[in-house]
Amino acid sequence: MNVVSFIASRLLQMVPVLIGVSIVVFLAIHMVPGDPVELMMHGRATPEGLAAARAELGLDQPLLVQYWNFISGAVVGDLGTSIVQKAPVSEVVGERILPTVLLLVMSSIFAIALALPLAIVSARRADQPIDHAIRLGGMIGFAMPPFWIGIVVMLTFGIWLDWFPISGYGRTFWAHVYHLVLPSFTVALFLAPILLQSLRAAILDVMTADYIEVARAKGLSERRILVKHALRNALIPVTTILAVNIGWLLSGAVVVEYLFSFPGLGSLLVRAAGQRDYAVIQGLSVTFAVLVLVVNLIADLACMAIDKRVARA
Amino acid sequence: MTAIPTQPRGRLLTEITRWPGSLKIGTVLFVLICLAGIFAPWLTPYGPNEQDLKNTLVAPSLAHPFGTDNFGRDVFARVLYGIRINLPFGIITTYVPMIYGVVLGALAGYWGGWFDAILMRILDVTVAFPFLVLIIVIVAILGPGIHNIYIAIFLTAWTMYARLARAEMLVERNKDYILAARTLGYGTGRIVFRHALPNVSNSSIIFSTSDFVLNIMLLSGLSFLGLGVAPPTPEWGAMIAEGRDFLFDAWWICTLPGLALVVTGTALCLIGDGLAQRLGERRHALV
């Protein structure tokens with residue numbers, strides 16, 4: 001199967017999932033006890049005002065018509081209007097996609113930089129004291145909630161050492177990167193234990209394969225075997241593990257963005273949830289679902305690039 | 001957790017001696033945490049909401065091992081009473097969805113057909129959604145509070161167990177003992193629940209310890225975001241959120257309750273690691 005038809009078929013598979021997500025979110029929001037318009041106007045509006053707002057939002061139409069309006073708008077990128085923010089949802093959500101993507105990319109790089117060396121040491125010295133120490137460290141890391149890691153990181157590197165900013169985003173690209181150091185380090189600390197565990201297993205698995213035995217028999221050094229032969233094959237699990245954990249990564253990012261007052265999708269979600277801004281919540285849910293699906297698609301393509309056998313399968 | 005189905009009675013002690021070190025240490029830690037929660041009133045002279053406005057923001061000392069917060073409440077006492085909120089929440093939100101998740105997954109794997117197809121589509125939709133995002137959306141719709149978090153978790157948490165049990169059932173249903181049971185004319189219920197279930201629930205049991213950690217983290221995370229337990233309650237995440245305003249002057253208010261989360265989580269991870277080893281050995285011994 002060539003790459004183009006692979007992408008096309010994967011995009012087609014995404015359609016039913018997206019429809020499912022949109023139905024769930026749409027129904028959930030419309031089954032809310034109480035009238036969203038009344039809630040948003042804090043009960044201060046006159047009956048005429050409420051009716052006008054409802055008509056403006058199309059909330060006076062039958063449910064099926066409303067769903068059709070939502071979905072046909074969403075396809076062309078129109079996600080409705082936020083009453084709270086008084087702006088189109090696509091604009092409110094759109095300007096926050098890039099910061100979150102940047103956060104995810106930097107966190108993944110940090111997490112790999114942390115987990116890979118530890119996983120190699122752990123696998124090479126399997127069941128020795130250093131392996132036990134690393135695995136225990138991984139468990140402790142797994143048990144640390146992201147908002148707590150964030151507070152400790154903030155306190156240490158932001159306040160006591162005063163190396164990096166603890167909030168905001170900056171204006172230029174390098175300022176973004178600079179502002180992102182602490183948030184992405186926090187997300188990385190949260191993600192690394194999972195990567196570490198799966199990577200250790202993957203490397204152990206690869207190291208017992210026949211071709212590694214052959215390489216050993218040829219008299220190659222252990223270092224060369226590891227770098228040239230084993231790591232290349234362990235890269236595929238890393239990519240898949242990162243993709244599988246994208247939901248996990250995003251969950252961590254939501255809390256961390258809120259903590260560092262970072263202008264991303266996660267902090268927007270928390271704010272919209274607090275303000276009961278249903279239009280934004282609806283738009284964000286679809287955005288998150290698309291993000292997860294796209295990341296999985298990219299991961300599959302990356303696996304194909306690393307290993308031609310995956311492409312043929 | 002100790003209800004391993006193939007275990008004959010009266011052999012619990014010999015079973016414990018065979019446990020890997022991590023399982024023993026994790027279990028001891030976990031039991032100690034449970035006991036600390038049960039006997040909290042005997043372990044500290046302070047109440048969780050007892051204010052002492054003359055002694056606010058006191059640094060950790062002998063009288064106040066974890067210091068006091070901005071209302072002069074003893075942080076250690078609040079952490080101890082917090083066990084009574086976080087642990088039962090973790091147990092319920094982990095093991096209730098596990099029961100129906102495993103049953104649904106096992107049935108889907110055994111039957112296949114339309115039941116399996118519908119279940120898989122539902123799983124596809126929930127997987128495309130980051131777990132926390134889904135829960136925040138549900139809580140935003142239903143309103144904050146611990147009851148709505150229960151509902152949100154019950155709606156979402158079973159999917160992973162269903163996935164695990166289904167995958168194991170697909171392998172298990174072709175094995176000889178299932179065929180034998182079918183030849184004997186046993187009904188689906190008996191085959192799935194009495195024969196296959198003990199064998200398809202291993203990975204779910206192992207996963208449940210990580211899930212437990214994630215669930216107490218979730219409650220704390222939501223409380224931290226202001227969507228969970230309301231402030232005066234001594235919930236760990238809510239305490240961390242309250243302490244955040246005093247990060248500069250009183251680091252102990254928000255860091256030390258987090259330590260309670262870390263210790264509890266590590267104990268559960270150790271149990272999970274040990275269970276994976278022990279159940280893996282058992283499986284090899286049986287095959």
# chains A, B, ... in the order shown; residues from 1 in each chain; ligands from 1

call {"tool": "interface_residues", "arguments": {"of": "chain B", "to": "chain A", "cutoff": "8 Å", "atoms": "only C-alpha atoms", "output": "PyMOL selection string"}}
result
chain B and resi 121+124-134+136-142+213+217+221+224-225+227+240+244+247-248+254-255+258+261-266+269-270

call {"tool": "residues_around", "arguments": {"residues": "B:Ser204", "least_positions_apart": "2", "cutoff": "10 Å", "atoms": "only C-alpha atoms", "output": "NGL selection string"}}
result
:B and (98-99 or 101-102 or 160-165 or 168 or 200-202 or 206-209 or 211)

call {"tool": "select_by_dssp", "arguments": {"residues": "stretch 80-264 of chain A", "states": "strand (DSSP E or B)", "output": "PyMOL selection string"}}
result
chain A and resi 81-82+87-88

call {"tool": "select_by_dssp", "arguments": {"residues": "stretch 115-225 of chain A", "states": "helix (DSSP H, G or I)", "output": "PyMOL selection string"}}
result
chain A and resi 115-124+129-142+146-160+173-207+210-217+222-225

call {"tool": "closest_residue", "arguments": {"among": "B:Leu35, B:Lys54, B:Pro60, B:Gly47", "to": "B:Ala250", "atoms": "only C-alpha atoms"}}
result
B:Pro60
